[in-house]
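The file start06.pdb comes next; it holds PDB, C-alpha atoms.
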ATOM      1  CA  MET A   1     -15.045   8.430  13.493
ATOM      2  CA  SER A   2     -14.606  10.281  10.212
ATOM      3  CA  THR A   3     -11.389  10.587   8.248
ATOM      4  CA  LEU A   4      -9.235  13.044   6.331
ATOM      5  CA  ASN A   5      -8.004  11.628   3.039
ATOM      6  CA  ASN A   6      -5.932  12.735   0.070
ATOM      7  CA  TYR A   7      -2.989  11.740  -2.089
ATOM      8  CA  ILE A   8       0.653  12.485  -1.434
ATOM      9  CA  THR A   9       3.690  11.767  -3.612
ATOM     10  CA  VAL A  10       6.740   9.949  -2.279
ATOM     11  CA  ALA A  11      10.169   9.508  -3.833
ATOM     12  CA  VAL A  12      11.243   5.918  -4.494
ATOM     13  CA  ALA A  13      14.913   4.856  -4.343
ATOM     14  CA  ASP A  14      14.957   4.015  -8.070
ATOM     15  CA  GLY A  15      14.309   7.669  -8.957
ATOM     16  CA  THR A  16      10.581   7.332  -9.630
ATOM     17  CA  SER A  17       7.764   9.089  -7.782
ATOM     18  CA  MET A  18       4.752   7.233  -6.441
ATOM     19  CA  ASP A  19       1.343   8.552  -5.436
ATOM     20  CA  VAL A  20      -0.017   7.175  -2.177
ATOM     21  CA  TYR A  21      -3.598   7.458  -0.979
ATOM     22  CA  VAL A  22      -3.596   8.537   2.672
ATOM     23  CA  SER A  23      -6.497   8.337   5.097
ATOM     24  CA  ILE A  24      -6.007   9.714   8.617
ATOM     25  CA  PRO A  25      -8.387   9.542  11.569
ATOM     26  CA  LYS A  26     -10.106  12.897  11.998
ATOM     27  CA  GLN A  27     -10.853  12.263  15.646
ATOM     28  CA  GLY A  28      -8.767  10.889  18.455
ATOM     29  CA  SER A  29      -5.317  11.714  19.668
ATOM     30  CA  ALA A  30      -2.299  11.273  17.437
ATOM     31  CA  PRO A  31      -0.059   9.472  17.076
ATOM     32  CA  PHE A  32      -1.962   6.506  15.623
ATOM     33  CA  PRO A  33      -0.891   3.025  14.509
ATOM     34  CA  ALA A  34      -0.620   2.675  10.722
ATOM     35  CA  ILE A  35      -1.537   0.127   8.071
ATOM     36  CA  ILE A  36      -0.199  -0.067   4.527
ATOM     37  CA  VAL A  37      -2.981  -1.263   2.211
ATOM     38  CA  PHE A  38      -1.635  -3.023  -0.879
ATOM     39  CA  GLN A  39      -3.777  -2.937  -3.998
ATOM     40  CA  GLU A  40      -5.233  -5.686  -6.114
ATOM     41  CA  ALA A  41      -4.074  -5.931  -9.729
ATOM     42  CA  PHE A  42      -6.668  -3.299 -10.640
ATOM     43  CA  GLY A  43      -4.916  -0.412  -8.884
ATOM     44  CA  VAL A  44      -5.830   1.783  -5.964
ATOM     45  CA  THR A  45      -9.504   1.566  -6.829
ATOM     46  CA  SER A  46     -12.472   3.010  -4.977
ATOM     47  CA  HIS A  47     -12.677  -0.368  -3.213
ATOM     48  CA  ILE A  48      -9.077  -0.131  -1.945
ATOM     49  CA  ARG A  49      -9.573   3.520  -0.938
ATOM     50  CA  SER A  50     -12.729   2.535   0.971
ATOM     51  CA  ILE A  51     -10.736  -0.089   2.884
ATOM     52  CA  ALA A  52      -8.178   2.575   3.816
ATOM     53  CA  ASP A  53     -10.980   4.932   4.875
ATOM     54  CA  ARG A  54     -12.636   2.246   7.013
ATOM     55  CA  LEU A  55      -9.322   1.477   8.704
ATOM     56  CA  ALA A  56      -8.805   5.199   9.370
ATOM     57  CA  ALA A  57     -12.299   5.388  10.846
ATOM     58  CA  GLN A  58     -11.157   2.707  13.293
ATOM     59  CA  GLY A  59      -8.152   4.782  14.380
ATOM     60  CA  TYR A  60      -5.344   3.841  11.961
ATOM     61  CA  VAL A  61      -3.383   5.978   9.541
ATOM     62  CA  ALA A  62      -4.008   3.975   6.366
ATOM     63  CA  VAL A  63      -1.978   4.386   3.190
ATOM     64  CA  ALA A  64      -2.369   2.727  -0.218
ATOM     65  CA  PRO A  65       0.624   3.098  -2.564
ATOM     66  CA  GLU A  66       0.066   3.032  -6.330
ATOM     67  CA  LEU A  67       2.310   0.105  -7.291
ATOM     68  CA  PHE A  68       1.795   0.639 -11.033
ATOM     69  CA  HIS A  69       3.291   4.146 -10.941
ATOM     70  CA  ARG A  70       6.093   3.213 -13.343
ATOM     71  CA  THR A  71       3.715   2.261 -16.175
ATOM     72  CA  ALA A  72       0.309   3.795 -15.427
ATOM     73  CA  ALA A  73      -0.907   7.351 -14.989
ATOM     74  CA  PRO A  74      -1.568   8.523 -11.419
ATOM     75  CA  GLY A  75      -4.957   7.368 -10.211
ATOM     76  CA  PHE A  76      -5.040   4.360 -12.544
ATOM     77  CA  GLU A  77      -8.067   2.119 -11.978
ATOM     78  CA  GLY A  78      -8.349  -0.970 -14.133
ATOM     79  CA  SER A  79     -11.622  -2.594 -14.988
ATOM     80  CA  TYR A  80     -12.576  -5.720 -13.057
ATOM     81  CA  THR A  81     -14.035  -7.073 -16.286
ATOM     82  CA  ASP A  82     -10.963  -6.464 -18.464
ATOM     83  CA  PHE A  83      -7.984  -8.266 -16.935
ATOM     84  CA  PRO A  84      -5.939  -8.170 -20.188
ATOM     85  CA  SER A  85      -5.769  -4.361 -19.881
ATOM     86  CA  ILE A  86      -4.084  -4.792 -16.486
ATOM     87  CA  MET A  87      -1.329  -7.070 -17.777
ATOM     88  CA  PRO A  88       0.988  -4.363 -19.164
ATOM     89  CA  HIS A  89       1.263  -2.992 -15.620
ATOM     90  CA  TYR A  90       1.085  -6.210 -13.628
ATOM     91  CA  SER A  91       3.563  -8.146 -15.771
ATOM     92  CA  VAL A  92       6.444  -5.706 -15.289
ATOM     93  CA  LEU A  93       6.385  -5.698 -11.493
ATOM     94  CA  THR A  94       9.526  -7.223 -10.051
ATOM     95  CA  THR A  95      10.568  -8.150  -6.555
ATOM     96  CA  GLU A  96      13.039  -5.268  -6.640
ATOM     97  CA  THR A  97      10.464  -2.644  -7.651
ATOM     98  CA  MET A  98       7.932  -3.941  -5.111
ATOM     99  CA  GLU A  99      10.556  -3.794  -2.372
ATOM    100  CA  ALA A 100      11.501  -0.230  -3.365
ATOM    101  CA  ASP A 101       7.840   0.845  -3.241
ATOM    102  CA  ILE A 102       7.285  -0.902   0.097
ATOM    103  CA  LYS A 103      10.326   0.778   1.642
ATOM    104  CA  ALA A 104       9.381   4.214   0.275
ATOM    105  CA  THR A 105       5.902   3.917   1.791
ATOM    106  CA  TYR A 106       7.250   2.695   5.125
ATOM    107  CA  ASP A 107       9.900   5.444   5.205
ATOM    108  CA  TRP A 108       7.202   8.068   4.605
ATOM    109  CA  LEU A 109       5.164   6.669   7.512
ATOM    110  CA  GLN A 110       8.257   6.768   9.739
ATOM    111  CA  GLN A 111       8.551  10.514   9.086
ATOM    112  CA  GLN A 112       4.973  11.319  10.134
ATOM    113  CA  THR A 113       4.286  12.724  13.593
ATOM    114  CA  THR A 114       0.779  11.241  13.373
ATOM    115  CA  VAL A 115       2.168   7.663  13.261
ATOM    116  CA  ILE A 116       3.339   5.382  16.089
ATOM    117  CA  LYS A 117       6.653   4.301  14.551
ATOM    118  CA  ASN A 118       6.686   0.734  15.932
ATOM    119  CA  LYS A 119       2.985   0.037  15.277
ATOM    120  CA  ILE A 120       2.858  -0.342  11.502
ATOM    121  CA  GLY A 121       1.283  -3.287   9.728
ATOM    122  CA  SER A 122       0.215  -4.220   6.228
ATOM    123  CA  ILE A 123      -2.726  -5.794   4.467
ATOM    124  CA  GLY A 124      -2.998  -6.791   0.832
ATOM    125  CA  PHE A 125      -5.524  -8.271  -1.542
ATOM    126  CA  CYS A 126      -4.692 -10.766  -4.302
ATOM    127  CA  MET A 127      -1.531  -9.343  -5.880
ATOM    128  CA  GLY A 128      -1.292  -7.052  -2.846
ATOM    129  CA  GLY A 129      -1.425 -10.093  -0.577
ATOM    130  CA  LYS A 130       1.920 -11.146  -1.986
ATOM    131  CA  VAL A 131       3.234  -7.614  -1.533
ATOM    132  CA  SER A 132       2.047  -7.626   2.096
ATOM    133  CA  MET A 133       3.998 -10.813   2.778
ATOM    134  CA  ILE A 134       7.115  -9.378   1.125
ATOM    135  CA  ALA A 135       6.707  -6.258   3.278
ATOM    136  CA  ASN A 136       6.591  -8.462   6.361
ATOM    137  CA  MET A 137       9.847 -10.121   5.304
ATOM    138  CA  ILE A 138      11.812  -6.933   4.676
ATOM    139  CA  LEU A 139      10.393  -4.526   7.277
ATOM    140  CA  PRO A 140       9.937  -4.647  11.050
ATOM    141  CA  LEU A 141       6.130  -4.723  10.806
ATOM    142  CA  SER A 142       3.872  -5.406  13.768
ATOM    143  CA  ALA A 143       1.568  -7.554  11.618
ATOM    144  CA  ALA A 144       0.890  -8.489   7.995
ATOM    145  CA  ILE A 145      -2.234  -9.889   6.399
ATOM    146  CA  SER A 146      -2.510 -11.502   2.972
ATOM    147  CA  TYR A 147      -5.938 -11.987   1.449
ATOM    148  CA  TYR A 148      -5.677 -14.664  -1.253
ATOM    149  CA  GLY A 149      -2.124 -13.697  -2.169
ATOM    150  CA  SER A 150       0.620 -16.120  -3.129
ATOM    151  CA  LEU A 151       4.375 -16.204  -2.828
ATOM    152  CA  THR A 152       6.852 -17.770  -5.170
ATOM    153  CA  GLN A 153      10.620 -17.778  -5.239
ATOM    154  CA  PRO A 154      12.921 -16.077  -4.339
ATOM    155  CA  TYR A 155      11.117 -16.060  -0.983
ATOM    156  CA  LEU A 156      11.272 -19.498   0.557
ATOM    157  CA  PHE A 157      10.096 -20.493   3.985
TER     158      PHE A 157
END
Just give me the structure as structure tokens.
Amino acid sequence: MSTLNNYITVAVADGTSMDVYVSIPKQGSAPFPAIIVFQEAFGVTSHIRSIADRLAAQGYVAVAPELFHRTAAPGFEGSYTDFPSIMPHYSVLTTETMEADIKATYDWLQQQTTVIKNKIGSIGFCMGGKVSMIANMILPLSAAISYYGSLTQPYLF
């Protein structure tokens, strides 16, 4: 199954705008289940976009929000070999801004006729693994996956 992919811009409750990579199944009958793909600390890289595309090829609407939109230019991709250059973006993320971005992405999915409203999950990698777990705590997700993410306070189990 091939996919249709592009970027859209969503409004976030704090007054910012966030680009989101969207990959939609090209074949099959809508509506589809959806998965929010949360980025590593390096941004919505070609690797993260390829994950979204592979999920779309399997029949999911897959979206990857750019969590560094407050500090980085749209389409930011950090270098895997230069972690210090990521720190200005990574270090200013807060629980509140992550929650706002999560909710904005979820709200956009809820408005799409191509999405099954009660079949939305999340997956995240490293930093995004933490974001995926936060999403699972604040949204009525069907499933959440965290690849090598970690949680610290204020979320306690």
- Item | Shell of 7 Å around Tyr147 (chain A), all atoms listed in the file, local chain residues under 2 positions omitted, as a PyMOL selection string | chain A and resi 124-126+129+145+149
- Output the residue selection produced by the PyMOL selection byres ((chain A and resi 53) around 10) on the file above, formatted as a ChimeraX atom specification. /A:2-5,21-25,47-52,54-63
- Item | Residue among A:Ala135, A:Ile36, A:Leu67, A:Ala104 lying closest to Val10 (chain A), counting all atoms listed in the file |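 Of the candidates, the smallest distance to Val10 (chain A) is held by A:Ala104.
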Hey, what comes out of the PyMOL selection byres ((chain A and resi 93) around 12) on this file? Could you write it as a PDB file with C-alpha atoms, in the frame of the given file?
ATOM      1  CA  ALA A  41      -4.074  -5.931  -9.729  1.00  0.00           C
ATOM      2  CA  GLU A  66       0.066   3.032  -6.330  1.00  0.00           C
ATOM      3  CA  LEU A  67       2.310   0.105  -7.291  1.00  0.00           C
ATOM      4  CA  PHE A  68       1.795   0.639 -11.033  1.00  0.00           C
ATOM      5  CA  HIS A  69       3.291   4.146 -10.941  1.00  0.00           C
ATOM      6  CA  ARG A  70       6.093   3.213 -13.343  1.00  0.00           C
ATOM      7  CA  THR A  71       3.715   2.261 -16.175  1.00  0.00           C
ATOM      8  CA  ALA A  72       0.309   3.795 -15.427  1.00  0.00           C
ATOM      9  CA  ILE A  86      -4.084  -4.792 -16.486  1.00  0.00           C
ATOM     10  CA  MET A  87      -1.329  -7.070 -17.777  1.00  0.00           C
ATOM     11  CA  PRO A  88       0.988  -4.363 -19.164  1.00  0.00           C
ATOM     12  CA  HIS A  89       1.263  -2.992 -15.620  1.00  0.00           C
ATOM     13  CA  TYR A  90       1.085  -6.210 -13.628  1.00  0.00           C
ATOM     14  CA  SER A  91       3.563  -8.146 -15.771  1.00  0.00           C
ATOM     15  CA  VAL A  92       6.444  -5.706 -15.289  1.00  0.00           C
ATOM     16  CA  THR A  94       9.526  -7.223 -10.051  1.00  0.00           C
ATOM     17  CA  THR A  95      10.568  -8.150  -6.555  1.00  0.00           C
ATOM     18  CA  GLU A  96      13.039  -5.268  -6.640  1.00  0.00           C
ATOM     19  CA  THR A  97      10.464  -2.644  -7.651  1.00  0.00           C
ATOM     20  CA  MET A  98       7.932  -3.941  -5.111  1.00  0.00           C
ATOM     21  CA  GLU A  99      10.556  -3.794  -2.372  1.00  0.00           C
ATOM     22  CA  ALA A 100      11.501  -0.230  -3.365  1.00  0.00           C
ATOM     23  CA  ASP A 101       7.840   0.845  -3.241  1.00  0.00           C
ATOM     24  CA  MET A 127      -1.531  -9.343  -5.880  1.00  0.00           C
ATOM     25  CA  GLY A 128      -1.292  -7.052  -2.846  1.00  0.00           C
ATOM     26  CA  LYS A 130       1.920 -11.146  -1.986  1.00  0.00           C
ATOM     27  CA  VAL A 131       3.234  -7.614  -1.533  1.00  0.00           C
TER      28      VAL A 131
END
Expected axis-aligned box over every listed atom of region 119-122 of chain A, 4 Å added per side, centre plus edges in Å to one decimal, as lines of an AutoDock Vina configuration file:
center_x = 1.6
center_y = -2.1
center_z = 10.8
size_x = 10.8
size_y = 12.3
size_z = 17.0
Using the atoms already present, construct N, CA and C atoms for region 124-150 of chain A and hand them back as a PDB file, in the frame of the given file.
ATOM      1  N   GLY A 124      -2.960  -6.815   2.287  1.00  0.00           N
ATOM      2  CA  GLY A 124      -2.998  -6.791   0.832  1.00  0.00           C
ATOM      3  C   GLY A 124      -4.002  -7.779   0.297  1.00  0.00           C
ATOM      4  N   PHE A 125      -4.484  -7.485  -0.900  1.00  0.00           N
ATOM      5  CA  PHE A 125      -5.524  -8.271  -1.542  1.00  0.00           C
ATOM      6  C   PHE A 125      -5.019  -8.796  -2.877  1.00  0.00           C
ATOM      7  N   CYS A 126      -5.126 -10.103  -3.080  1.00  0.00           N
ATOM      8  CA  CYS A 126      -4.692 -10.766  -4.302  1.00  0.00           C
ATOM      9  C   CYS A 126      -3.227 -10.437  -4.561  1.00  0.00           C
ATOM     10  N   MET A 127      -2.905  -9.732  -5.626  1.00  0.00           N
ATOM     11  CA  MET A 127      -1.531  -9.343  -5.880  1.00  0.00           C
ATOM     12  C   MET A 127      -0.946  -8.633  -4.656  1.00  0.00           C
ATOM     13  N   GLY A 128      -1.730  -7.769  -4.038  1.00  0.00           N
ATOM     14  CA  GLY A 128      -1.292  -7.052  -2.846  1.00  0.00           C
ATOM     15  C   GLY A 128      -1.053  -7.953  -1.652  1.00  0.00           C
ATOM     16  N   GLY A 129      -1.691  -9.131  -1.643  1.00  0.00           N
ATOM     17  CA  GLY A 129      -1.425 -10.093  -0.577  1.00  0.00           C
ATOM     18  C   GLY A 129       0.019 -10.560  -0.621  1.00  0.00           C
ATOM     19  N   LYS A 130       0.508 -10.792  -1.824  1.00  0.00           N
ATOM     20  CA  LYS A 130       1.920 -11.146  -1.986  1.00  0.00           C
ATOM     21  C   LYS A 130       2.802  -9.998  -1.532  1.00  0.00           C
ATOM     22  N   VAL A 131       2.443  -8.783  -1.909  1.00  0.00           N
ATOM     23  CA  VAL A 131       3.234  -7.614  -1.533  1.00  0.00           C
ATOM     24  C   VAL A 131       3.239  -7.453  -0.013  1.00  0.00           C
ATOM     25  N   SER A 132       2.121  -7.713   0.638  1.00  0.00           N
ATOM     26  CA  SER A 132       2.047  -7.626   2.096  1.00  0.00           C
ATOM     27  C   SER A 132       3.001  -8.620   2.759  1.00  0.00           C
ATOM     28  N   MET A 133       3.077  -9.814   2.214  1.00  0.00           N
ATOM     29  CA  MET A 133       3.998 -10.813   2.778  1.00  0.00           C
ATOM     30  C   MET A 133       5.459 -10.417   2.539  1.00  0.00           C
ATOM     31  N   ILE A 134       5.749  -9.867   1.375  1.00  0.00           N
ATOM     32  CA  ILE A 134       7.115  -9.378   1.125  1.00  0.00           C
ATOM     33  C   ILE A 134       7.440  -8.254   2.102  1.00  0.00           C
ATOM     34  N   ALA A 135       6.491  -7.348   2.318  1.00  0.00           N
ATOM     35  CA  ALA A 135       6.707  -6.258   3.278  1.00  0.00           C
ATOM     36  C   ALA A 135       7.045  -6.813   4.661  1.00  0.00           C
ATOM     37  N   ASN A 136       6.345  -7.851   5.051  1.00  0.00           N
ATOM     38  CA  ASN A 136       6.591  -8.462   6.361  1.00  0.00           C
ATOM     39  C   ASN A 136       7.984  -9.083   6.443  1.00  0.00           C
ATOM     40  N   MET A 137       8.515  -9.505   5.311  1.00  0.00           N
ATOM     41  CA  MET A 137       9.847 -10.121   5.304  1.00  0.00           C
ATOM     42  C   MET A 137      10.974  -9.099   5.309  1.00  0.00           C
ATOM     43  N   ILE A 138      10.716  -7.901   4.797  1.00  0.00           N
ATOM     44  CA  ILE A 138      11.812  -6.933   4.676  1.00  0.00           C
ATOM     45  C   ILE A 138      11.713  -5.758   5.646  1.00  0.00           C
ATOM     46  N   LEU A 139      10.594  -5.628   6.345  1.00  0.00           N
ATOM     47  CA  LEU A 139      10.393  -4.526   7.277  1.00  0.00           C
ATOM     48  C   LEU A 139      10.079  -5.058   8.671  1.00  0.00           C
ATOM     49  N   PRO A 140      10.304  -4.244   9.687  1.00  0.00           N
ATOM     50  CA  PRO A 140       9.937  -4.647  11.050  1.00  0.00           C
ATOM     51  C   PRO A 140       8.462  -4.323  11.345  1.00  0.00           C
ATOM     52  N   LEU A 141       7.556  -4.974  10.633  1.00  0.00           N
ATOM     53  CA  LEU A 141       6.130  -4.723  10.806  1.00  0.00           C
ATOM     54  C   LEU A 141       5.599  -5.393  12.066  1.00  0.00           C
ATOM     55  N   SER A 142       4.544  -4.807  12.613  1.00  0.00           N
ATOM     56  CA  SER A 142       3.872  -5.406  13.768  1.00  0.00           C
ATOM     57  C   SER A 142       2.982  -6.571  13.357  1.00  0.00           C
ATOM     58  N   ALA A 143       2.451  -6.506  12.126  1.00  0.00           N
ATOM     59  CA  ALA A 143       1.568  -7.554  11.618  1.00  0.00           C
ATOM     60  C   ALA A 143       1.468  -7.411  10.107  1.00  0.00           C
ATOM     61  N   ALA A 144       1.129  -8.514   9.443  1.00  0.00           N
ATOM     62  CA  ALA A 144       0.890  -8.489   7.995  1.00  0.00           C
ATOM     63  C   ALA A 144      -0.220  -9.475   7.679  1.00  0.00           C
ATOM     64  N   ILE A 145      -1.112  -9.055   6.797  1.00  0.00           N
ATOM     65  CA  ILE A 145      -2.234  -9.889   6.399  1.00  0.00           C
ATOM     66  C   ILE A 145      -2.226 -10.013   4.880  1.00  0.00           C
ATOM     67  N   SER A 146      -2.440 -11.237   4.407  1.00  0.00           N
ATOM     68  CA  SER A 146      -2.510 -11.502   2.972  1.00  0.00           C
ATOM     69  C   SER A 146      -3.855 -12.138   2.671  1.00  0.00           C
ATOM     70  N   TYR A 147      -4.674 -11.419   1.908  1.00  0.00           N
ATOM     71  CA  TYR A 147      -5.938 -11.987   1.449  1.00  0.00           C
ATOM     72  C   TYR A 147      -5.725 -12.572   0.066  1.00  0.00           C
ATOM     73  N   TYR A 148      -5.807 -13.863  -0.042  1.00  0.00           N
ATOM     74  CA  TYR A 148      -5.677 -14.664  -1.253  1.00  0.00           C
ATOM     75  C   TYR A 148      -4.478 -14.273  -2.111  1.00  0.00           C
ATOM     76  N   GLY A 149      -3.365 -13.959  -1.452  1.00  0.00           N
ATOM     77  CA  GLY A 149      -2.124 -13.697  -2.169  1.00  0.00           C
ATOM     78  C   GLY A 149      -1.304 -14.980  -2.249  1.00  0.00           C
ATOM     79  N   SER A 150      -0.251 -14.956  -3.038  1.00  0.00           N
ATOM     80  CA  SER A 150       0.620 -16.120  -3.129  1.00  0.00           C
ATOM     81  C   SER A 150       2.051 -15.653  -3.177  1.00  0.00           C
TER      82      SER A 150
END
